[in-house]
>>> print(open('my_file.pdb').read())   # PDB, C-alpha atoms
MODEL        1
ATOM      1  CA  MET E 170      93.527 100.767 112.252
ATOM      2  CA  ILE E 171      95.873  98.412 113.998
ATOM      3  CA  THR E 172      93.422  95.564 113.596
ATOM      4  CA  LEU E 173      93.329  95.959 109.820
ATOM      5  CA  LEU E 174      96.730  94.303 109.486
ATOM      6  CA  GLY E 175      97.995  90.900 110.520
ATOM      7  CA  ILE E 176      94.609  89.206 111.007
ATOM      8  CA  TYR E 177      94.984  86.496 108.374
ATOM      9  CA  ARG E 178      93.486  83.183 109.388
ATOM     10  CA  PRO E 179      93.554  80.077 107.159
ATOM     11  CA  ARG E 180      90.033  79.223 106.056
ATOM     12  CA  ASP E 181      88.370  77.320 103.215
ATOM     13  CA  THR E 182      86.353  80.110 101.595
ATOM     14  CA  PRO E 183      86.095  81.313  97.986
ATOM     15  CA  LEU E 184      88.110  84.441  98.779
ATOM     16  CA  HIS E 185      90.800  82.449 100.587
ATOM     17  CA  ASN E 186      91.097  80.174  97.557
ATOM     18  CA  SER E 187      91.444  83.100  95.132
ATOM     19  CA  SER E 188      94.824  84.451  94.081
ATOM     20  CA  ALA E 189      96.325  87.552  95.639
ATOM     21  CA  ALA E 190      96.354  89.233  92.209
ATOM     22  CA  PHE E 191      92.609  88.674  91.790
ATOM     23  CA  LYS E 192      91.861  90.049  95.257
ATOM     24  CA  MET E 193      94.016  93.126  94.761
ATOM     25  CA  ALA E 194      92.386  93.750  91.376
ATOM     26  CA  LEU E 195      88.953  93.309  92.975
ATOM     27  CA  LEU E 196      89.861  95.806  95.674
ATOM     28  CA  LEU E 197      91.144  98.316  93.127
ATOM     29  CA  VAL E 198      88.167  98.021  90.766
ATOM     30  CA  THR E 199      85.607  98.133  93.570
ATOM     31  CA  SER E 200      87.279 101.157  95.154
ATOM     32  CA  ILE E 201      87.232 103.036  91.852
ATOM     33  CA  ALA E 202      83.600 102.061  91.229
ATOM     34  CA  ALA E 203      82.590 103.157  94.727
ATOM     35  CA  ILE E 204      84.300 106.526  94.356
ATOM     36  CA  LEU E 205      82.882 107.191  90.886
ATOM     37  CA  THR E 206      79.350 106.175  91.859
ATOM     38  CA  ASN E 207      77.357 109.171  93.082
ATOM     39  CA  ASP E 208      74.088 107.297  93.585
ATOM     40  CA  PRO E 209      73.503 106.619  97.318
ATOM     41  CA  VAL E 210      71.405 103.521  96.571
ATOM     42  CA  SER E 211      74.217 101.968  94.511
ATOM     43  CA  ALA E 212      76.769 103.005  97.143
ATOM     44  CA  VAL E 213      74.783 101.295  99.898
ATOM     45  CA  GLY E 214      74.459  98.198  97.706
ATOM     46  CA  ILE E 215      78.224  98.049  97.146
ATOM     47  CA  ALA E 216      78.834  98.518 100.871
ATOM     48  CA  ALA E 217      76.405  95.703 101.722
ATOM     49  CA  ALA E 218      78.107  93.390  99.227
ATOM     50  CA  CYS E 219      81.545  94.180 100.682
ATOM     51  CA  LEU E 220      80.312  93.556 104.226
ATOM     52  CA  LEU E 221      78.842  90.210 103.169
ATOM     53  CA  LEU E 222      82.123  89.317 101.477
ATOM     54  CA  LEU E 223      83.974  90.204 104.660
ATOM     55  CA  ALA E 224      81.626  88.033 106.703
ATOM     56  CA  SER E 225      82.161  85.144 104.281
ATOM     57  CA  THR E 226      85.878  85.061 105.146
ATOM     58  CA  THR E 227      84.981  84.431 108.832
ATOM     59  CA  PRO E 228      87.658  86.784 110.184
ATOM     60  CA  PRO E 229      88.476  87.087 113.908
ATOM     61  CA  ALA E 230      85.350  88.618 115.424
ATOM     62  CA  ARG E 231      86.981  90.898 117.994
ATOM     63  CA  ALA E 232      89.654  92.312 115.681
ATOM     64  CA  THR E 233      87.114  92.792 112.900
ATOM     65  CA  PHE E 234      84.667  94.574 115.174
ATOM     66  CA  ARG E 235      87.333  96.923 116.505
ATOM     67  CA  GLY E 236      88.620  97.685 113.019
ATOM     68  CA  MET E 237      85.200  98.341 111.520
ATOM     69  CA  ALA E 238      84.100 100.328 114.589
ATOM     70  CA  GLY E 239      86.907 102.807 113.956
ATOM     71  CA  ILE E 240      85.941 103.035 110.292
ATOM     72  CA  ALA E 241      82.275 103.523 111.231
ATOM     73  CA  ILE E 242      83.211 106.440 113.483
ATOM     74  CA  ILE E 243      85.111 108.090 110.628
ATOM     75  CA  ALA E 244      82.203 107.500 108.251
ATOM     76  CA  ALA E 245      79.700 108.876 110.767
ATOM     77  CA  ALA E 246      81.771 112.006 111.373
ATOM     78  CA  THR E 247      82.138 112.611 107.643
ATOM     79  CA  SER E 248      78.464 112.081 106.868
ATOM     80  CA  GLY E 249      77.447 114.157 109.883
ATOM     81  CA  TYR E 250      79.400 117.129 108.586
ATOM     82  CA  GLN E 251      77.896 116.760 105.118
ATOM     83  CA  MET E 252      74.383 116.508 106.557
ATOM     84  CA  TRP E 253      75.059 119.666 108.514
ATOM     85  CA  GLN E 254      75.878 121.264 105.162
ATOM     86  CA  GLY E 255      72.556 120.018 103.821
ATOM     87  CA  GLU E 256      74.107 117.428 101.453
ATOM     88  CA  TYR E 257      72.083 114.422 102.580
ATOM     89  CA  PHE E 258      72.520 112.193  99.518
ATOM     90  CA  ARG E 259      76.237 112.904  99.399
ATOM     91  CA  ALA E 260      76.519 112.061 103.098
ATOM     92  CA  ILE E 261      75.004 108.623 102.500
ATOM     93  CA  ASP E 262      77.144 108.044  99.433
ATOM     94  CA  THR E 263      80.390 109.057 101.138
ATOM     95  CA  SER E 264      79.853 107.057 104.328
ATOM     96  CA  ALA E 265      78.833 103.990 102.318
ATOM     97  CA  ASP E 266      81.972 104.317 100.167
ATOM     98  CA  ILE E 267      84.207 104.489 103.238
ATOM     99  CA  ILE E 268      82.619 101.409 104.780
ATOM    100  CA  ALA E 269      82.686  99.489 101.485
ATOM    101  CA  ILE E 270      86.375 100.086 100.790
ATOM    102  CA  ALA E 271      87.381  99.374 104.387
ATOM    103  CA  ALA E 272      85.319  96.177 104.558
ATOM    104  CA  LEU E 273      86.731  94.869 101.290
ATOM    105  CA  ALA E 274      90.279  95.769 102.311
ATOM    106  CA  LEU E 275      89.752  93.910 105.573
ATOM    107  CA  ALA E 276      88.312  90.925 103.684
ATOM    108  CA  VAL E 277      91.404  90.834 101.455
ATOM    109  CA  THR E 278      93.698  91.181 104.471
ATOM    110  CA  SER E 279      91.991  88.421 106.439
ATOM    111  CA  SER E 280      92.060  86.004 103.489
ATOM    112  CA  THR E 281      95.549  86.620 102.098
ATOM    113  CA  PRO E 282      98.847  85.552 103.710
ATOM    114  CA  MET E 283     101.422  88.323 103.840
ATOM    115  CA  GLU E 284     103.824  86.119 101.877
ATOM    116  CA  GLU E 285     101.449  86.120  98.901
ATOM    117  CA  VAL E 286     101.106  89.904  99.076
ATOM    118  CA  LEU E 287     104.873  90.372  99.088
ATOM    119  CA  ASP E 288     105.272  87.908  96.200
ATOM    120  CA  LEU E 289     102.717  89.914  94.219
ATOM    121  CA  VAL E 290     104.515  93.181  94.987
ATOM    122  CA  SER E 291     107.819  91.656  93.903
ATOM    123  CA  THR E 292     106.248  90.430  90.656
ATOM    124  CA  LEU E 293     104.720  93.811  89.869
ATOM    125  CA  ALA E 294     108.032  95.488  90.641
ATOM    126  CA  ARG E 295     110.038  93.497  88.089
ATOM    127  CA  PRO E 296     109.905  96.302  85.469
ATOM    128  CA  LEU E 297     111.809  98.424  88.016
ATOM    129  CA  ARG E 298     114.576  95.883  88.496
ATOM    130  CA  ARG E 299     117.113  98.225  86.858
ATOM    131  CA  VAL E 300     116.555 100.646  89.740
ATOM    132  CA  LEU E 301     115.814  98.275  92.605
ATOM    133  CA  PRO E 302     115.595  94.492  92.726
ATOM    134  CA  PRO E 303     112.015  93.237  93.202
ATOM    135  CA  GLU E 304     112.962  91.551  96.483
ATOM    136  CA  THR E 305     114.090  94.902  97.864
ATOM    137  CA  ILE E 306     110.831  96.580  96.890
ATOM    138  CA  GLY E 307     108.926  93.747  98.542
ATOM    139  CA  LEU E 308     110.957  94.283 101.709
ATOM    140  CA  MET E 309     110.279  98.018 101.656
ATOM    141  CA  PHE E 310     106.567  97.327 101.169
ATOM    142  CA  SER E 311     106.498  94.984 104.153
ATOM    143  CA  MET E 312     108.256  97.591 106.295
ATOM    144  CA  MET E 313     105.711 100.192 105.187
ATOM    145  CA  LEU E 314     102.914  97.889 106.339
ATOM    146  CA  ARG E 315     104.745  97.473 109.610
ATOM    147  CA  ALA E 316     104.885 101.245 110.028
ATOM    148  CA  ILE E 317     101.113 101.728 109.755
ATOM    149  CA  PRO E 318     100.083  99.857 112.935
ATOM    150  CA  GLU E 319     103.163 101.187 114.732
ATOM    151  CA  ALA E 320     102.122 104.789 114.039
ATOM    152  CA  ALA E 321      98.572 104.024 115.152
ATOM    153  CA  GLN E 322      99.853 102.440 118.356
ATOM    154  CA  ILE E 323     102.052 105.475 119.075
ATOM    155  CA  LEU E 324      99.036 107.760 118.668
ATOM    156  CA  ASN E 325      96.881 105.586 120.931
ATOM    157  CA  GLU E 326      99.571 105.519 123.625
ATOM    158  CA  ALA E 327      99.944 109.300 123.438
ATOM    159  CA  ARG E 328      96.185 109.698 123.876
ATOM    160  CA  THR E 329      96.216 107.360 126.874
ATOM    161  CA  ALA E 330      99.096 109.256 128.479
ATOM    162  CA  ALA E 331      97.376 112.597 127.874
ATOM    163  CA  ARG E 332      94.132 111.285 129.340
ATOM    164  CA  ALA E 333      95.970 110.076 132.456
ATOM    165  CA  ARG E 334      97.258 113.621 132.994
ATOM    166  CA  GLY E 335      93.857 115.177 132.363
ATOM    167  CA  LEU E 336      95.010 116.676 129.037
ATOM    168  CA  GLU E 337      92.863 114.648 126.650
ATOM    169  CA  ARG E 338      91.478 117.896 125.168
ATOM    170  CA  SER E 339      94.924 119.326 124.452
ATOM    171  CA  PRO E 340      96.138 118.619 120.869
ATOM    172  CA  ARG E 341      99.710 119.504 121.866
ATOM    173  CA  ALA E 342      99.750 116.868 124.604
ATOM    174  CA  ILE E 343      98.903 114.236 121.981
ATOM    175  CA  LEU E 344     100.500 115.414 118.747
ATOM    176  CA  ILE E 345     103.943 116.474 120.019
ATOM    177  CA  PRO E 346     104.785 113.146 121.756
ATOM    178  CA  SER E 347     103.310 111.254 118.795
ATOM    179  CA  ALA E 348     105.404 113.211 116.293
ATOM    180  CA  THR E 349     108.581 112.766 118.354
ATOM    181  CA  ARG E 350     108.142 109.010 118.679
ATOM    182  CA  THR E 351     107.138 108.645 115.036
ATOM    183  CA  VAL E 352     110.318 110.417 113.923
ATOM    184  CA  GLY E 353     112.323 108.091 116.146
ATOM    185  CA  PHE E 354     110.619 105.070 114.617
ATOM    186  CA  ALA E 355     111.319 106.405 111.114
ATOM    187  CA  ILE E 356     114.997 106.859 111.981
ATOM    188  CA  ASN E 357     115.207 103.296 113.280
ATOM    189  CA  MET E 358     113.504 102.029 110.123
ATOM    190  CA  GLY E 359     115.978 103.957 107.972
ATOM    191  CA  GLN E 360     118.852 102.422 109.879
ATOM    192  CA  ALA E 361     117.339  98.984 109.347
ATOM    193  CA  LEU E 362     117.085  99.615 105.602
ATOM    194  CA  HIS E 363     120.683 100.821 105.518
ATOM    195  CA  ALA E 364     121.808  97.768 107.477
ATOM    196  CA  ARG E 365     120.238  95.562 104.822
ATOM    197  CA  GLY E 366     122.197  97.405 102.146
ATOM    198  CA  ILE E 367     119.151  98.770 100.326
ATOM    199  CA  ALA E 368     120.543 102.285  99.895
ATOM    200  CA  ASP E 369     123.963 101.015  98.813
ATOM    201  CA  GLU E 370     122.349  98.625  96.334
ATOM    202  CA  ALA E 371     119.987 101.212  94.845
ATOM    203  CA  ALA E 372     122.622 103.881  94.223
ATOM    204  CA  PRO E 373     124.677 102.124  91.522
ATOM    205  CA  ARG E 374     121.514 100.872  89.782
ATOM    206  CA  ALA E 375     120.117 104.387  89.548
ATOM    207  CA  LEU E 376     123.257 105.706  87.796
TER     208      LEU E 376
ENDMDL
END
>>> encode(input="my_file.pdb", output="structure tokens")
Amino acid sequence: MITLLGIYRPRDTPLHNSSAAFKMALLLVTSIAAILTNDPVSAVGIAAACLLLLASTTPPARATFRGMAGIAIIAAATSGYQMWQGEYFRAIDTSADIIAIAALALAVTSSTPMEEVLDLVSTLARPLRRVLPPETIGLMFSMMLRAIPEAAQILNEARTAARARGLERSPRAILIPSATRTVGFAINMGQALHARGIADEAAPRAL
């Protein structure tokens, strides 16, 4: 999942030239439609359209392949379990939905500068300005995005370390170091938020 973030490249494509609000709305509507659609044929059609849209943004090939490969593994595992349960149509529908949403999210990520995303978040957060200023919410959103690849990297490093010790089959050898480092990262993030005065600024507004 690390490759799903920070892969924006400036291009001259229809999706690049669209506003961040339109792309986020497209992602939301398509995700809801994919989830509500129980027809495997329609689900495959939506997934194909999302993959074509992703290809139209000409994202970095290596990062895109790695990101979608991880999603494909998740989709295959999910559909495999459902096929084992005898739910063949549901397996196709579910795996297609996963691929569709991931591909469209990656298309939006690769065609939208982070600055535009944060501006959109700040705009949407204006009704909450009595509690927190929109700029603060935008900052918190950006730090949340930063936490996602960091957590994935911690998990990957824990797996590598466990494999080097011959413990790749031991959940404890992977999960305990990952949890410890993740807590440490969360503490550092909290200290960074406090250093920026977010907690001090939010308290009087909430009263």
>>> residues_around(input="my_file.pdb", residues="stretch 184-189 of chain E", least_positions_apart="6", cutoff="7 Å", atoms="all atoms listed in the file", output="MDAnalysis selection string")
chainID E and resid 226 280:281 285:286 289
>>> atom_distance(input="my_file.pdb", atom1="atom CA of E:Ala194", atom2="atom CA of E:Ile270")
12.8 Å
>>> closest_residue(input="my_file.pdb", among="E:Val352, E:Ile267, E:Val210, E:Leu205", to="E:Gly239", atoms="all atoms listed in the file")
E:Ile267
>>> atom_distance(input="my_file.pdb", atom1="atom CA of E:Ala190", atom2="atom CA of E:Leu275")
15.6 Å
>>> resolve_selection(input="my_file.pdb", expression="the PyMOL selection byres ((chain E and resi 179) around 12)", output="list of chain:residue names")
E:Ile176, E:Tyr177, E:Arg178, E:Arg180, E:Asp181, E:Thr182, E:Pro183, E:Leu184, E:His185, E:Asn186, E:Thr226, E:Thr227, E:Pro228, E:Pro229, E:Thr278, E:Ser279, E:Ser280, E:Thr281, E:Pro282, E:Met283
>>> axis_aligned_box(input="my_file.pdb", around="stretch 243-261 of chain E", padding_each_side="5 Å", output="JSON")
{"center_x": 78.6, "center_y": 114.4, "center_z": 105.4, "size_x": 23.0, "size_y": 23.8, "size_z": 22.0}
>>> resolve_selection(input="my_file.pdb", expression="the PyMOL selection byres ((chain E and resi 328) around 12)", output="count of residues only")
26
>>> residues_near_point(input="my_file.pdb", point="(77.0, 106.7, 107.7)", cutoff="12 Å", atoms="all atoms listed in the file", output="ChimeraX atom specification")
/E:209,212-213,216,238,240-252,257-269
>>> atom_distance(input="my_file.pdb", atom1="atom CA of E:Phe234", atom2="atom CA of E:Ile201")
24.9 Å
>>> closest_residue(input="my_file.pdb", among="E:Met193, E:Met237, E:Val277, E:Leu223", to="E:Leu293", atoms="all atoms listed in the file")
E:Met193
>>> closest_residue(input="my_file.pdb", among="E:Ala272, E:Ala348, E:Leu287, E:Ala355", to="E:Leu221", atoms="all atoms listed in the file")
E:Ala272
